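Q: Have a look at the structure that comes next, please.
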Amino acid sequence: MKKRIIRFGVIGCGLMGKEFASAAARWCHLTDMDVEPRIVAVSDPVPAAAQWFKDRVPTVENVYSDYRELLADSSVEAVYCAVPHHLHERIYIDIVKAGKHLLGEKPFGIDREANAAIQAAIDAHPGVIVRCSSEFPFFPGAQQIIRWVGEGRFGRIIEVEAGFWHSSDLDPTKPINWKRRTATNGDYGCMGDLGMHVLHLPLRFGWKPASVRALLSKIMEERPDGEGGTAPCETWDNAILACEVKTADQQFPMLLSMKRIAPGHANTWFIRICGTAFSAEFSTKNPKQVASLPYEPGGEQAWHVADAPYRSAYGTITGSIFEFGFSDSILQMWAAFCDEIAHPGKMRQPFRCATPEEAADSHRVFTAALESERTGATIAIDWRN
Ligand SMILES: NC(=O)c1ccc[n+]([C@@H]2O[C@H](COP(=O)([O-])OP(=O)(O)OC[C@H]3O[C@@H](n4cnc5c(N)ncnc54)[C@H](O)[C@@H]3O)[C@@H](O)[C@H]2O)c1
């Protein structure tokens with residue numbers, strides 16, 4: 001099969017930049033892809049971060065300490081940008097203005113104002129494909145729930161709960177990093193870090209909160225600064241958002257939670273939808289399992305828990321009896337992004353990566369949540385402007 005090669009630049013060679021390198025390196029895992037990413041250029045001001053790519057990614061032709069040099073490289077067609085949140089606005093805008101396709105990391109701007117500036121640049125460059133990283137909906141169990149929602153299986157929705165929970169910050173000896181500082185992570189705190197993951201599917205299903213009452217917690221007051229002293233922990237550790245969703249024909253509560261300190265939970269992403277005709281739940285805690293409860297009036301109410309087969313959005317060499325994991329979800333997300341660049345409007349499967357509009361919608365929710373925390377009130381979210 002003739003393959004379209006997309007020449008990628010990576011801006012930000014940290015944790016997530018490396019995850020892309022790993023996904024690109026195991027592209028042969030995917031079957032029947034007529035498109036493939038090739039990482040040809042990287043940029044990071046920290047030499048050791050760029051050196052990791054130099055040492056391990058043989059396709060890298062150029063290493064730039066200044067990302068603007070990478071953007072001036074006309075051989076680079078698309079960019080993955082994974083940098084701290086305070087840099088999203090400037091760098092994403094420059095990428096889009098340079099005419100390169102962009103998979104950007106969430107939250108797509110440190111605050112709503114930064115996000116609006118990014119959106120304005122995207123609007124001015126409609127030929128550029130821009131998507132926001134969010135990989136968990138590519139787990140087969142989540143894909144199954146997406147199909148059930150598409151089939152309208154749930155009847156009248158009773159309630160929805162979705163969340164993303166971490167636990168490593170329970171350890172008070174964990175040193176501080178940029179994700180716990182307001183200047184680099186933003187006022188959203190854990191919502192900016194984890195919130196897009198939680199909102200991606202509800203927003204894709206059209207479940208925009210009409211209002212939100214937020215309870216935000218700061219649990220750790222300080223952490224080791226890595227230099228023998230301590231530094232204040234400025235950001236929100238946990239967020240619980242009680243939302244009311246109103247669609248054309250439904251009205252239901254939706255509880256969203258983003259937790260940096262959820263004891264025992266290492267990267268637990270979940271969604272539970274309860275309806276009068278059908279209920280379903282998937283959690284990465286048990287990545288093989290999908291639970292569902294079909295209901296007929298007067299009938300039995302029994303949860304069915306099945307091991308979901310490895311049935312991913314894009315075909316792979318892995319047999320259906322094997323397990324799907326985090327790095328598989330990253331690979332699938334990359335397949336979707338490259339598929340969309342190669343076949344705009346005609347992707348091989350229907351689930352596209354999170355859009356800038358969905359990222360902008362998440363900012364509305366987080367901004368309202370901050371206001372709710374400040375005032376103690378339930379905040380209405382106006383989706384008209
Ligand atoms: N999708 C996910 O599951 C997921 C997981 C973790 C983080 N993230 C997101 O990814 C982004 C980066 O997070 P991370 O965990 O990879 O952080 P990180 O700290 O591991 O890496 C960030 C890198 O950006 C580099 N950098 C800083 N300034 C730069 C500049 N001007 N030009 C180029 N590079 C620069 C840093 O030197 C560092 O190597 C954030 O937006 C974060 O929210 C997403």
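Quick note on naming: the chains in the structure tokens go A, B, ... in the order shown, residues restart at 1 in each chain, and ligands are numbered from 1 in order of appearance.
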Write out as a list in words all residues of stretch 175-252 of chain A that DSSP puts in strand (DSSP E or B) for this structure's backbone.
A: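 Result set for stretch 175-252 of chain A (strand (DSSP E or B)): Pro209, Ala210, Ser211, Val212, Arg213, Ala214, Leu215, Leu216, Ser217, Glu222, Arg223, Pro224, Thr230, Ala231, Pro232, Asn238, Ala239, Ile240, Leu241, Ala242, Cys243, Glu244, Val245, Lys246, Gln251 and Phe252 of chain A.
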Q: Residues of stretch 75-174 of chain A that approach stretch 212-230 of chain A to 9 Å or less, counting only C-alpha atoms: could you list each one with the shortest pair of atoms and its distance in Å to one decimal, rows by chain and increasing residue number, as a tab-separated table?
A:
residue	atom	partner	partner_atom	distance
A:Asp169	CA	A:Met220	CA	8.2
A:Leu170	CA	A:Met220	CA	8.1
A:Pro172	CA	A:Arg223	CA	6.2
A:Thr173	CA	A:Pro224	CA	6.3
A:Lys174	CA	A:Arg223	CA	6.7
Q: Which residues, written as an MDAnalysis selection string, have at least one atom at most 7 Å from A:Ser134, with only C-alpha atoms counted and residues fewer than 2 positions away on the same chain left out?
A: chainID A and resid 132 136 197 353:354
Q: Mind writing the picked residues with N, CA and C atoms as a CSV table (one decimal), in the first residue's frame?
A:
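File written: part_8.csv
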chain,number,residue,atom,x,y,z
A,132,CYS,N,-7.2,18.7,19.6
A,132,CYS,CA,-6.7,18.7,21.0
A,132,CYS,C,-6.6,17.2,21.5
A,136,PHE,N,-8.3,8.9,26.0
A,136,PHE,CA,-9.1,7.8,26.7
A,136,PHE,C,-10.3,7.4,25.9
A,197,HIS,N,-10.1,15.7,29.5
A,197,HIS,CA,-10.3,14.3,29.4
A,197,HIS,C,-11.7,13.9,29.9
A,353,CYS,N,-10.5,13.2,16.8
A,353,CYS,CA,-9.9,13.7,18.0
A,353,CYS,C,-10.7,14.9,18.5
A,354,ALA,N,-10.5,15.3,19.8
A,354,ALA,CA,-11.2,16.4,20.3
A,354,ALA,C,-10.9,17.7,19.5
Q: Using only C-alpha atoms and all ligand atoms, which of the listed residues (A:Thr316, A:Ser168, A:Ser327, A:Ser292) sits closest to ligand 1?
A: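 Smallest separation from ligand 1 among the options: A:Ser327.
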Q: Skip stretch 332-349 of chain A itself and residues of its chain fewer than 2 positions away, then list as a list in words all residues within 8 Å of it, counting only C-alpha atoms.
A: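 Selected residues are Arg4, Ile6, Phe20, Ala23, Val35, Glu36, Pro37, His101, Leu103, Ile129, Arg131, Ser133, Ser134, Glu135, Phe138, Ser312, Ala313, Tyr314, Asp328, Ser329, Ile330, Phe351, Arg352 and Cys353 of chain A.
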Q: Go ahead and write the selection's residues with N, CA and C atoms as a JSON list (two decimals), in the first residue's frame.
A:
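out.json was written with the following content:
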[["chain", "number", "residue", "atom", "x", "y", "z"],
["A", 4, "ARG", "N", 0.98, 7.81, 2.62],
["A", 4, "ARG", "CA", 1.24, 9.24, 2.70],
["A", 4, "ARG", "C", 2.03, 9.46, 3.98],
["A", 6, "ILE", "N", 3.47, 11.93, 6.73],
["A", 6, "ILE", "CA", 3.30, 13.29, 7.27],
["A", 6, "ILE", "C", 4.55, 13.63, 8.07],
["A", 20, "PHE", "N", 4.49, 10.42, 21.94],
["A", 20, "PHE", "CA", 4.26, 10.46, 20.49],
["A", 20, "PHE", "C", 5.37, 9.73, 19.76],
["A", 23, "ALA", "N", 4.61, 6.15, 19.93],
["A", 23, "ALA", "CA", 3.49, 5.75, 19.05],
["A", 23, "ALA", "C", 3.94, 5.71, 17.59],
["A", 35, "VAL", "N", -1.45, 6.14, 5.86],
["A", 35, "VAL", "CA", -0.80, 7.38, 6.28],
["A", 35, "VAL", "C", 0.08, 7.06, 7.49],
["A", 36, "GLU", "N", 1.21, 7.76, 7.58],
["A", 36, "GLU", "CA", 2.15, 7.46, 8.68],
["A", 36, "GLU", "C", 2.86, 8.74, 9.10],
["A", 37, "PRO", "N", 2.99, 8.97, 10.42],
["A", 37, "PRO", "CA", 3.73, 10.16, 10.86],
["A", 37, "PRO", "C", 5.23, 9.86, 10.89],
["A", 101, "HIS", "N", -0.40, 21.87, 10.43],
["A", 101, "HIS", "CA", -1.45, 21.20, 11.20],
["A", 101, "HIS", "C", -0.95, 21.01, 12.64],
["A", 103, "LEU", "N", -1.64, 19.07, 16.47],
["A", 103, "LEU", "CA", -2.27, 18.38, 17.60],
["A", 103, "LEU", "C", -1.67, 19.04, 18.83],
["A", 129, "ILE", "N", -5.52, 21.89, 10.01],
["A", 129, "ILE", "CA", -6.32, 21.00, 10.87],
["A", 129, "ILE", "C", -5.75, 21.06, 12.28],
["A", 131, "ARG", "N", -6.42, 19.89, 16.32],
["A", 131, "ARG", "CA", -7.15, 19.02, 17.25],
["A", 131, "ARG", "C", -6.47, 19.06, 18.60],
["A", 133, "SER", "N", -5.43, 16.98, 22.10],
["A", 133, "SER", "CA", -5.12, 15.64, 22.56],
["A", 133, "SER", "C", -6.11, 15.17, 23.64],
["A", 134, "SER", "N", -6.64, 13.98, 23.47],
["A", 134, "SER", "CA", -7.52, 13.34, 24.47],
["A", 134, "SER", "C", -7.66, 11.88, 24.03],
["A", 135, "GLU", "N", -6.97, 10.99, 24.72],
["A", 135, "GLU", "CA", -6.82, 9.63, 24.22],
["A", 135, "GLU", "C", -7.78, 8.61, 24.81],
["A", 138, "PHE", "N", -10.53, 6.45, 23.17],
["A", 138, "PHE", "CA", -10.14, 5.43, 22.20],
["A", 138, "PHE", "C", -10.01, 4.03, 22.84],
["A", 312, "SER", "N", -10.52, -1.85, 18.45],
["A", 312, "SER", "CA", -10.17, -0.44, 18.47],
["A", 312, "SER", "C", -10.72, 0.27, 17.24],
["A", 313, "ALA", "N", -10.69, 1.59, 17.29],
["A", 313, "ALA", "CA", -11.20, 2.39, 16.17],
["A", 313, "ALA", "C", -10.44, 2.04, 14.88],
["A", 314, "TYR", "N", -9.13, 1.89, 14.98],
["A", 314, "TYR", "CA", -8.29, 1.51, 13.84],
["A", 314, "TYR", "C", -7.77, 0.10, 14.09],
["A", 328, "ASP", "N", -1.77, 2.13, 23.88],
["A", 328, "ASP", "CA", -2.62, 1.81, 22.72],
["A", 328, "ASP", "C", -3.59, 2.95, 22.43],
["A", 329, "SER", "N", -4.09, 3.58, 23.51],
["A", 329, "SER", "CA", -5.05, 4.67, 23.30],
["A", 329, "SER", "C", -4.33, 5.86, 22.65],
["A", 330, "ILE", "N", -3.08, 6.08, 23.03],
["A", 330, "ILE", "CA", -2.30, 7.17, 22.40],
["A", 330, "ILE", "C", -2.09, 6.86, 20.91],
["A", 351, "PHE", "N", -14.90, 8.46, 14.72],
["A", 351, "PHE", "CA", -14.55, 9.19, 15.95],
["A", 351, "PHE", "C", -13.29, 10.02, 15.77],
["A", 352, "ARG", "N", -13.46, 11.33, 15.65],
["A", 352, "ARG", "CA", -12.30, 12.21, 15.48],
["A", 352, "ARG", "C", -11.76, 12.67, 16.83],
["A", 353, "CYS", "N", -10.54, 13.18, 16.82],
["A", 353, "CYS", "CA", -9.94, 13.72, 18.04],
["A", 353, "CYS", "C", -10.75, 14.92, 18.54]]
